[in-house]
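Below you'll find the structure, written out as structure tokens, and then a few comments.
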Amino acid sequence: MFDLKKNDMQNRVPPNQKVTTGFPVLHYGDVPHYEDLSQWDFRIFGLVEQEVTLTYEQMTALPTTQVTNDIHCVTGWSKLDNLWEGIPVEEVVKLVKVKPEAKYVMLHAEHGWTANMPLEDFMRPGNLFAFKHNGEPLTPDHGYPLRFVVPHLYFWKSAKWVRGVEFLEKDKPGFWEKNGYHMYGNPWKEQRFAWD
């Protein structure tokens, strides 16, 4: 466990979270494995003027950045000072013209996984499509080859194995939201489940 001063704990760790130095692996179902990324693609669609589909090579050729943040899992662990490397969300959105009626996004990932959020949360500075964590390529368990990272929401919103983003006029539940998780997922308000 991590040793933090009390003030740091109050400012960085949401209520009822325990800090870990590990990186727990949580998911439901099979972990996708890729031998060859030549068939991998990333789709930007929905309320956009023209849909765009990128190959892995095109996606990773976009400008990249590094971001350090804290992450908080709905199961009660927090991991501090994570260094991510990837494509800032704004670089991906530049590739399309989003229609003004778009207010939400749905992230689409392997095996039909989805995660929803308001557009303003998706576009928040510091969010990115990550391919590295703490200087190392993501492992399959942690979302290789690409994971969305949105640190101000519970970590289930940071979809692993992400393959696309859909722009929507109205919110609709993603995979975990359909199964009882909160539609928004603010860790500071402990919005863990639909009844919270």
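In the structure tokens, the first chain shown is A, the next is B, and so on; residue numbers restart at 1 for each chain, and ligands run from 1 in the order shown.
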
task: Run DSSP on the backbone and give me the residues of range 6-190 of chain A it puts in alpha helix (DSSP H), as a list in words.
output: Lys6, Asn7, Asp8, Met9, Gln10, Asn11, Arg12, Tyr56, Glu57, Gln58, Met59, Thr60, Val89, Glu90, Glu91, Val92, Val93, Leu119, Glu120, Asp121, Phe122, Phe175, Trp176, Glu177 and Lys178 of chain A

At a cut-off of 10 Å, can you tabulate as a Markdown table every residue of range 154-178 of chain A near range 64-83 of chain A together with its closest atom pair and the distance in Å to one decimal, using only C-alpha atoms and ordering rows by chain then number?
```
| residue | atom | partner | partner_atom | distance |
| --- | --- | --- | --- | --- |
| A:Tyr154 | CA | A:Cys73 | CA | 5.4 |
| A:Phe155 | CA | A:Cys73 | CA | 4.9 |
| A:Trp156 | CA | A:Cys73 | CA | 6.9 |
| A:Lys157 | CA | A:Cys73 | CA | 9.6 |
| A:Ser158 | CA | A:Ile71 | CA | 9.5 |
```

For the residues in that selection, give me N, CA and C atoms as a PDB file, in the first residue's frame.
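Ended up saving to selection-v2.pdb:
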```pdb
ATOM      1  N   TYR A 154     -15.063   6.736 -12.748  1.00  0.00           N
ATOM      2  CA  TYR A 154     -14.633   5.395 -12.363  1.00  0.00           C
ATOM      3  C   TYR A 154     -14.008   4.689 -13.569  1.00  0.00           C
ATOM      4  N   PHE A 155     -13.068   3.823 -13.281  1.00  0.00           N
ATOM      5  CA  PHE A 155     -12.200   3.274 -14.323  1.00  0.00           C
ATOM      6  C   PHE A 155     -12.922   2.358 -15.315  1.00  0.00           C
ATOM      7  N   TRP A 156     -14.131   1.903 -15.014  1.00  0.00           N
ATOM      8  CA  TRP A 156     -14.841   1.094 -16.021  1.00  0.00           C
ATOM      9  C   TRP A 156     -15.178   1.923 -17.249  1.00  0.00           C
ATOM     10  N   LYS A 157     -15.221   3.247 -17.108  1.00  0.00           N
ATOM     11  CA  LYS A 157     -15.488   4.110 -18.260  1.00  0.00           C
ATOM     12  C   LYS A 157     -14.271   4.202 -19.195  1.00  0.00           C
ATOM     13  N   SER A 158     -13.100   3.803 -18.698  1.00  0.00           N
ATOM     14  CA  SER A 158     -11.868   3.810 -19.509  1.00  0.00           C
ATOM     15  C   SER A 158     -11.803   2.494 -20.286  1.00  0.00           C
TER      16      SER A 158
END
```

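Neighbours of Val31 in chain A closer than or equal to 10 Å, with only C-alpha atoms counted and sequence neighbours fewer than 4 positions away skipped, come out as His27, Glu110, His111, Pro140, Asp141, His142, Gly143, Tyr144, Lys160 and Trp161 of chain A.
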
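Restricting the calculation to only C-alpha atoms, the smallest distance between Pro100 in chain A and any of A:Trp176, A:Tyr56, A:Phe45, A:Phe167 is found for A:Phe167.
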
message: I need the residues in chain A that are strand (DSSP E) according to DSSP; give them as a VMD selection string.
response: chain A and resid 18 to 19 41 to 46 52 to 55 65 to 72 77 to 88 104 to 109 114 to 118 128 to 133 136 to 137 147 to 149 162 to 168

query: Any idea what's packed within 12 Å of Lys178 in chain A, counting only C-alpha atoms, ignoring anything in its chain fewer than 5 positions away? Could you give it as an NGL selection string?
result: :A and (113-116 or 172-173 or 183 or 193-194)

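Picture a line from CA of Arg163 in chain A to CA of Arg192 in chain A; it runs 25.0 Å.
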
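Of the residues listed (A:Asn127, A:Leu153, A:Gly29, A:Ile44), A:Leu153 shows the shortest atom-to-atom separation from Pro187 in chain A; distances use only C-alpha atoms.
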
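Closest to Gly164 in chain A among A:Pro151, A:Pro137, A:Pro118, A:Gly46 is A:Gly46, based on only C-alpha atoms.
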
- request: Figure out the distance between CA of Tyr184 in chain A and CA of Leu62 in chain A, please, to one decimal in Å.
  value: 28.8 Å

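When only C-alpha atoms are used to compute distances to Glu51 in chain A, the closest of the residues A:Val13, A:Val165, A:Val96, A:Val19 turns out to be A:Val96.
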
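Note that CA of Phe175 in chain A and CA of Leu26 in chain A are 14.4 Å apart.
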
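Across A:Asn16, A:Glu57, A:Pro63, A:Asn186, the tightest approach to Glu85 in chain A is made by A:Pro63 when counting only C-alpha atoms.
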
Counting only C-alpha atoms, what are the residues of range 52-136 of chain A within 12 Å of range 35-41 of chain A, and for each of them which pair of atoms is the nearest and at what distance in Å, to one decimal? Sort the table by chain and rising number, as CSV.
```
residue,atom,partner,partner_atom,distance
A:Val52,CA,A:Asp41,CA,10.2
A:Thr53,CA,A:Asp41,CA,6.5
A:Leu54,CA,A:Asp41,CA,5.4
A:Thr55,CA,A:Asp41,CA,4.5
A:Tyr56,CA,A:Asp41,CA,5.9
A:Glu57,CA,A:Ser38,CA,8.4
A:Gln58,CA,A:Asp41,CA,9.1
A:Met59,CA,A:Asp41,CA,8.4
A:Thr60,CA,A:Asp41,CA,11.1
A:His108,CA,A:Asp41,CA,11.6
A:Ala109,CA,A:Asp41,CA,10.9
A:Glu110,CA,A:Trp40,CA,10.4
```

- request: Rank nothing, just name the residue among A:His182, A:Arg12, A:His152, A:Arg43 nearest to Gly126 in chain A, using only C-alpha atoms.
  value: A:His152
